[in-house]
$ cat model-v9.txt   # compact mmCIF, C-alpha atoms
# COMPACT_ATOMS: atom_id res chain seq x y z
CA MET A 1 105.72 2.55 -135.49
CA ALA A 2 107.59 3.38 -138.68
CA THR A 3 107.71 6.96 -139.87
CA THR A 4 108.12 8.70 -143.20
CA ALA A 5 108.73 12.40 -143.70
CA GLY A 6 108.11 13.09 -140.02
CA THR A 7 104.65 11.50 -139.81
CA ALA A 8 103.39 8.09 -138.86
CA VAL A 9 102.96 5.55 -141.65
CA GLY A 10 99.66 6.19 -143.39
CA GLU A 11 99.52 9.85 -142.37
CA ARG A 12 100.13 12.54 -144.95
CA LEU A 13 101.15 16.08 -144.15
CA PRO A 14 98.56 18.83 -144.49
CA SER A 15 98.46 20.79 -147.72
CA ARG A 16 100.96 23.62 -147.88
CA ALA A 17 99.14 25.07 -150.90
CA ALA A 18 96.01 25.71 -148.82
CA GLY A 19 97.79 27.99 -146.34
CA LEU A 20 99.74 29.79 -149.04
CA LEU A 21 96.57 30.44 -151.08
CA TYR A 22 94.76 31.70 -147.98
CA GLY A 23 97.71 34.02 -147.35
CA ILE A 24 97.74 35.34 -150.90
CA GLY A 25 94.00 36.02 -150.67
CA PHE A 26 94.27 37.57 -147.20
CA GLY A 27 97.22 39.74 -148.23
CA GLY A 28 95.26 40.96 -151.24
CA PHE A 29 92.24 41.73 -149.06
CA VAL A 30 94.37 43.75 -146.63
CA ASP A 31 95.98 45.64 -149.52
CA GLY A 32 92.68 46.30 -151.30
CA ILE A 33 90.57 47.13 -148.27
CA VAL A 34 93.12 49.13 -146.27
CA LEU A 35 95.29 50.81 -148.94
CA HIS A 36 92.73 51.14 -151.78
CA GLN A 37 89.48 51.78 -149.92
CA ILE A 38 90.08 53.04 -146.38
CA LEU A 39 93.30 55.05 -146.77
CA GLN A 40 92.83 55.63 -150.53
CA TRP A 41 96.58 55.81 -151.04
CA HIS A 42 96.28 54.18 -154.46
CA HIS A 43 94.03 52.17 -156.74
CA MET A 44 94.95 49.47 -159.25
CA THR A 45 95.65 51.84 -162.15
CA SER A 46 96.03 55.16 -160.36
CA ALA A 47 99.48 55.84 -161.88
CA VAL A 48 98.32 55.13 -165.45
CA GLU A 49 98.00 58.15 -167.73
CA GLY A 50 94.36 59.31 -167.88
CA ARG A 51 93.27 57.21 -164.89
CA SER A 52 93.89 59.62 -162.05
CA PRO A 53 91.44 58.92 -159.23
CA ARG A 54 91.16 62.71 -158.83
CA THR A 55 88.78 62.77 -161.82
CA LEU A 56 85.38 61.08 -161.92
CA ALA A 57 86.25 59.03 -165.03
CA GLY A 58 89.57 57.97 -163.47
CA LEU A 59 87.92 57.03 -160.18
CA GLU A 60 85.31 54.98 -162.03
CA ALA A 61 87.99 53.14 -164.03
CA ASN A 62 90.00 52.48 -160.87
CA THR A 63 86.93 51.25 -159.00
CA VAL A 64 86.33 48.66 -161.73
CA ALA A 65 90.01 47.65 -161.71
CA ASP A 66 89.93 47.40 -157.89
CA GLY A 67 86.83 45.20 -158.19
CA PHE A 68 88.64 42.76 -160.48
CA PHE A 69 91.60 42.82 -158.10
CA HIS A 70 89.29 41.92 -155.20
CA LEU A 71 87.71 39.18 -157.30
CA GLY A 72 91.17 37.70 -157.83
CA THR A 73 92.03 37.80 -154.12
CA TRP A 74 88.65 36.27 -153.30
CA ALA A 75 89.36 33.49 -155.82
CA ALA A 76 92.72 32.81 -154.12
CA ALA A 77 91.01 32.52 -150.72
CA VAL A 78 88.34 30.18 -152.15
CA ALA A 79 91.07 28.10 -153.80
CA GLY A 80 92.76 27.84 -150.40
CA MET A 81 89.50 26.63 -148.84
CA VAL A 82 88.89 24.07 -151.60
CA THR A 83 92.50 22.86 -151.39
CA MET A 84 92.17 22.42 -147.62
CA LEU A 85 88.92 20.45 -147.96
CA LEU A 86 90.39 18.23 -150.68
CA ALA A 87 93.44 17.55 -148.51
CA TRP A 88 91.24 16.47 -145.61
CA ARG A 89 89.21 14.23 -147.91
CA GLN A 90 92.49 12.61 -149.00
CA GLY A 91 93.08 11.68 -145.37
CA ARG A 92 95.76 14.24 -144.66
CA VAL A 93 96.15 15.27 -141.03
CA ALA A 94 94.83 18.66 -139.94
CA PRO A 95 97.54 21.31 -139.71
CA SER A 96 98.72 22.70 -136.40
CA TRP A 97 98.13 26.41 -135.83
CA SER A 98 101.80 27.23 -136.35
CA PHE A 99 102.00 25.11 -139.53
CA HIS A 100 98.94 26.80 -141.07
CA ALA A 101 99.32 30.37 -139.73
CA GLY A 102 102.94 30.37 -140.81
CA LEU A 103 101.94 29.48 -144.36
CA VAL A 104 99.23 32.16 -144.32
CA LEU A 105 101.83 34.77 -143.32
CA ALA A 106 104.27 33.46 -145.92
CA GLY A 107 101.54 33.63 -148.57
CA TRP A 108 100.79 37.22 -147.57
CA GLY A 109 104.47 38.01 -147.91
CA VAL A 110 104.61 36.37 -151.34
CA PHE A 111 101.60 38.47 -152.35
CA ASN A 112 103.39 41.66 -151.24
CA LEU A 113 106.57 40.69 -153.09
CA VAL A 114 104.86 39.74 -156.35
CA GLU A 115 102.40 42.64 -156.33
CA GLY A 116 105.13 45.08 -155.29
CA LEU A 117 107.56 43.94 -157.96
CA ILE A 118 105.07 43.60 -160.82
CA ASP A 119 102.56 46.43 -160.22
CA HIS A 120 104.82 48.96 -158.48
CA GLN A 121 108.16 48.43 -160.19
CA ILE A 122 107.81 46.59 -163.51
CA LEU A 123 104.43 47.81 -164.79
CA GLY A 124 104.29 51.01 -162.72
CA VAL A 125 100.46 51.00 -162.70
CA HIS A 126 100.46 52.28 -159.12
CA HIS A 127 102.68 52.79 -156.10
CA VAL A 128 101.95 52.34 -152.41
CA ARG A 129 101.53 56.10 -152.09
CA ASP A 130 100.48 57.63 -155.40
CA ASP A 131 99.56 60.81 -153.57
CA LEU A 132 103.21 61.63 -152.81
CA GLY A 133 105.89 63.04 -155.07
CA ALA A 134 108.54 60.37 -154.36
CA PRO A 135 106.84 57.03 -153.67
CA LEU A 136 109.93 54.80 -153.96
CA SER A 137 110.56 54.62 -150.20
CA TRP A 138 106.97 53.42 -149.63
CA ASP A 139 107.39 50.82 -152.39
CA ILE A 140 110.64 49.58 -150.83
CA ALA A 141 108.96 49.35 -147.40
CA PHE A 142 106.13 47.32 -148.98
CA LEU A 143 108.68 44.93 -150.50
CA ALA A 144 110.52 44.71 -147.18
CA SER A 145 107.23 43.82 -145.46
CA GLY A 146 106.88 41.01 -148.00
CA VAL A 147 110.32 39.67 -147.16
CA LEU A 148 109.62 39.90 -143.41
CA LEU A 149 106.19 38.25 -143.65
CA THR A 150 107.61 35.45 -145.80
CA ALA A 151 110.56 34.83 -143.46
CA VAL A 152 108.51 34.91 -140.23
CA GLY A 153 105.78 32.82 -141.82
CA TRP A 154 108.19 30.19 -143.07
CA TRP A 155 109.87 30.05 -139.64
CA MET A 156 106.45 29.56 -137.95
CA HIS A 157 105.51 26.93 -140.52
CA ARG A 158 108.73 24.97 -139.94
CA ARG A 159 108.19 25.16 -136.16
CA GLY A 160 104.68 23.78 -136.61
CA LEU A 161 105.99 21.05 -138.89
CA ARG A 162 108.52 19.97 -136.25
CA THR A 163 105.80 19.94 -133.57
CA MET A 164 103.51 17.81 -135.75
CA ALA A 165 106.34 15.40 -136.54
CA GLY A 166 107.19 15.09 -132.85
CA ARG A 167 103.63 14.14 -132.00
CA ALA A 168 103.36 11.69 -134.88
CA VAL A 169 106.38 9.61 -133.84
CA ARG A 170 105.43 9.15 -130.18
CA PRO A 171 104.90 5.48 -129.46
CA ILE A 172 101.32 4.37 -129.03
CA ARG A 173 100.70 2.08 -126.06
CA ALA A 174 99.12 -1.19 -126.96
CA GLU A 175 96.18 -2.13 -124.80
CA GLY A 176 96.54 -5.36 -122.89
CA PRO A 177 94.40 -8.44 -123.47

$ encode --input "model-v9.txt" --output "structure tokens"
Amino acid sequence: MATTAGTAVGERLPSRAAGLLYGIGFGGFVDGIVLHQILQWHHMTSAVEGRSPRTLAGLEANTVADGFFHLGTWAAAVAGMVTMLLAWRQGRVAPSWSFHAGLVLAGWGVFNLVEGLIDHQILGVHHVRDDLGAPLSWDIAFLASGVLLTAVGWWMHRRGLRTMAGRAVRPIRAEGP
């Protein structure tokens, strides 16, 4: 049996985009639900002048901004689902757990890196802990979590890819006449 790119001829690898999009959506959900809603450490625009969540008008503005943020993370998760379904309809093989879960973790890490760099550092619309006087250490820890999630996720993904390739190249016994 001939192989290409670690899979049997005719087989195509699962979609990497699906796992990464799921991870971006999941990472956004964890950020929004845990940090914005449960812990209330920050909201989307809580560091913007006149939008302090300590005032009713500021809290209302941040609640709307958080809602649009959640809509975006939901859209990323739906895009991951659609991408996965399209890949299966194209005849791609189903991903192994390590292949897919690794990409989900990597996507979460990418979310943390992009959101941390853009919202926390470049735009400064909020920080991980807006309720503290010096939030830089929390922002750095958030970025470090992004690097760690991306690295661990990519390692898991590569391990899953090797496992899938190993199974795909095993010889298939021909049945006798």

$ atom_distance --input "model-v9.txt" --atom1 "atom CA of A:Val125" --atom2 "atom CA of A:Asp139"
12.4 Å

$ closest_residue --input "model-v9.txt" --among "A:Asn62, A:Thr150, A:Ser96, A:Thr73" --to "A:Ala47" --atoms "all atoms listed in the file"
A:Asn62

$ residues_around --input "model-v9.txt" --residues "A:Asp119" --least-positions-apart "4" --cutoff "12 Å" --atoms "all atoms listed in the file" --output "list in words"
His42, His43, Met44, Thr45, Ser46, Ala47, Val48, Phe69, Phe111, Asn112, Leu113, Val114, Glu115, Leu123, Gly124, Val125, His126, His127, Val128, Asp139, Phe142 and Leu143 of chain A

$ write_last_selection --input "model-v9.txt" --atoms "C-alpha atoms" --output "mmCIF file, keeping the file's coordinate frame"
data_model
loop_
_atom_site.group_PDB
_atom_site.id
_atom_site.type_symbol
_atom_site.label_atom_id
_atom_site.label_comp_id
_atom_site.auth_asym_id
_atom_site.auth_seq_id
_atom_site.Cartn_x
_atom_site.Cartn_y
_atom_site.Cartn_z
ATOM 1 C CA HIS A 42 96.280 54.180 -154.460
ATOM 2 C CA HIS A 43 94.030 52.170 -156.740
ATOM 3 C CA MET A 44 94.950 49.470 -159.250
ATOM 4 C CA THR A 45 95.650 51.840 -162.150
ATOM 5 C CA SER A 46 96.030 55.160 -160.360
ATOM 6 C CA ALA A 47 99.480 55.840 -161.880
ATOM 7 C CA VAL A 48 98.320 55.130 -165.450
ATOM 8 C CA PHE A 69 91.600 42.820 -158.100
ATOM 9 C CA PHE A 111 101.600 38.470 -152.350
ATOM 10 C CA ASN A 112 103.390 41.660 -151.240
ATOM 11 C CA LEU A 113 106.570 40.690 -153.090
ATOM 12 C CA VAL A 114 104.860 39.740 -156.350
ATOM 13 C CA GLU A 115 102.400 42.640 -156.330
ATOM 14 C CA LEU A 123 104.430 47.810 -164.790
ATOM 15 C CA GLY A 124 104.290 51.010 -162.720
ATOM 16 C CA VAL A 125 100.460 51.000 -162.700
ATOM 17 C CA HIS A 126 100.460 52.280 -159.120
ATOM 18 C CA HIS A 127 102.680 52.790 -156.100
ATOM 19 C CA VAL A 128 101.950 52.340 -152.410
ATOM 20 C CA ASP A 139 107.390 50.820 -152.390
ATOM 21 C CA PHE A 142 106.130 47.320 -148.980
ATOM 22 C CA LEU A 143 108.680 44.930 -150.500
#

$ axis_aligned_box --input "model-v9.txt" --around "stretch 62-70 of chain A" --padding-each-side "3 Å" --output "AutoDock Vina command-line options"
--center_x 89.0 --center_y 47.2 --center_z -158.5 --size_x 11.3 --size_y 16.6 --size_z 12.5

$ atom_distance --input "model-v9.txt" --atom1 "atom CA of A:Leu20" --atom2 "atom CA of A:Leu103"
5.2 Å

$ residues_around --input "model-v9.txt" --residues "A:Leu71" --least-positions-apart "4" --cutoff "10 Å" --atoms "only C-alpha atoms" --output "ChimeraX atom specification"
/A:25,28-29,65-67,75-77

$ closest_residue --input "model-v9.txt" --among "A:Gly19, A:Gly107, A:Gly72, A:Gly102" --to "A:Met156" --atoms "only C-alpha atoms"
A:Gly102

$ atom_distance --input "model-v9.txt" --atom1 "atom CA of A:Leu35" --atom2 "atom CA of A:Asp131"
11.8 Å

$ closest_residue --input "model-v9.txt" --among "A:Gly133, A:Gly27, A:Gly91, A:Gly32" --to "A:Leu105" --atoms "all atoms listed in the file"
A:Gly27

$ decode --input "model-v9.txt" --residues "stretch 110-132 of chain A" --atoms "C-alpha atoms" --output "mmCIF file, in the first residue's frame"
data_model
loop_
_atom_site.group_PDB
_atom_site.id
_atom_site.type_symbol
_atom_site.label_atom_id
_atom_site.label_comp_id
_atom_site.auth_asym_id
_atom_site.auth_seq_id
_atom_site.Cartn_x
_atom_site.Cartn_y
_atom_site.Cartn_z
ATOM 1 C CA VAL A 110 -3.400 31.255 20.181
ATOM 2 C CA PHE A 111 -6.546 32.936 21.521
ATOM 3 C CA ASN A 112 -4.717 33.885 24.752
ATOM 4 C CA LEU A 113 -1.723 35.222 22.830
ATOM 5 C CA VAL A 114 -3.728 37.286 20.348
ATOM 6 C CA GLU A 115 -6.229 38.585 22.903
ATOM 7 C CA GLY A 116 -3.469 39.280 25.421
ATOM 8 C CA LEU A 117 -1.289 41.142 22.954
ATOM 9 C CA ILE A 118 -4.045 43.125 21.227
ATOM 10 C CA ASP A 119 -6.536 43.898 24.027
ATOM 11 C CA HIS A 120 -4.168 43.993 27.011
ATOM 12 C CA GLN A 121 -1.004 45.470 25.537
ATOM 13 C CA ILE A 122 -1.651 47.244 22.222
ATOM 14 C CA LEU A 123 -5.163 48.647 22.697
ATOM 15 C CA GLY A 124 -5.161 48.604 26.507
ATOM 16 C CA VAL A 125 -8.969 48.218 26.644
ATOM 17 C CA HIS A 126 -8.646 45.893 29.629
ATOM 18 C CA HIS A 127 -6.142 43.831 31.593
ATOM 19 C CA VAL A 128 -6.494 40.420 33.204
ATOM 20 C CA ARG A 129 -6.961 42.123 36.575
ATOM 21 C CA ASP A 130 -8.371 45.621 36.135
ATOM 22 C CA ASP A 131 -9.170 45.699 39.835
ATOM 23 C CA LEU A 132 -5.476 45.842 40.803
#
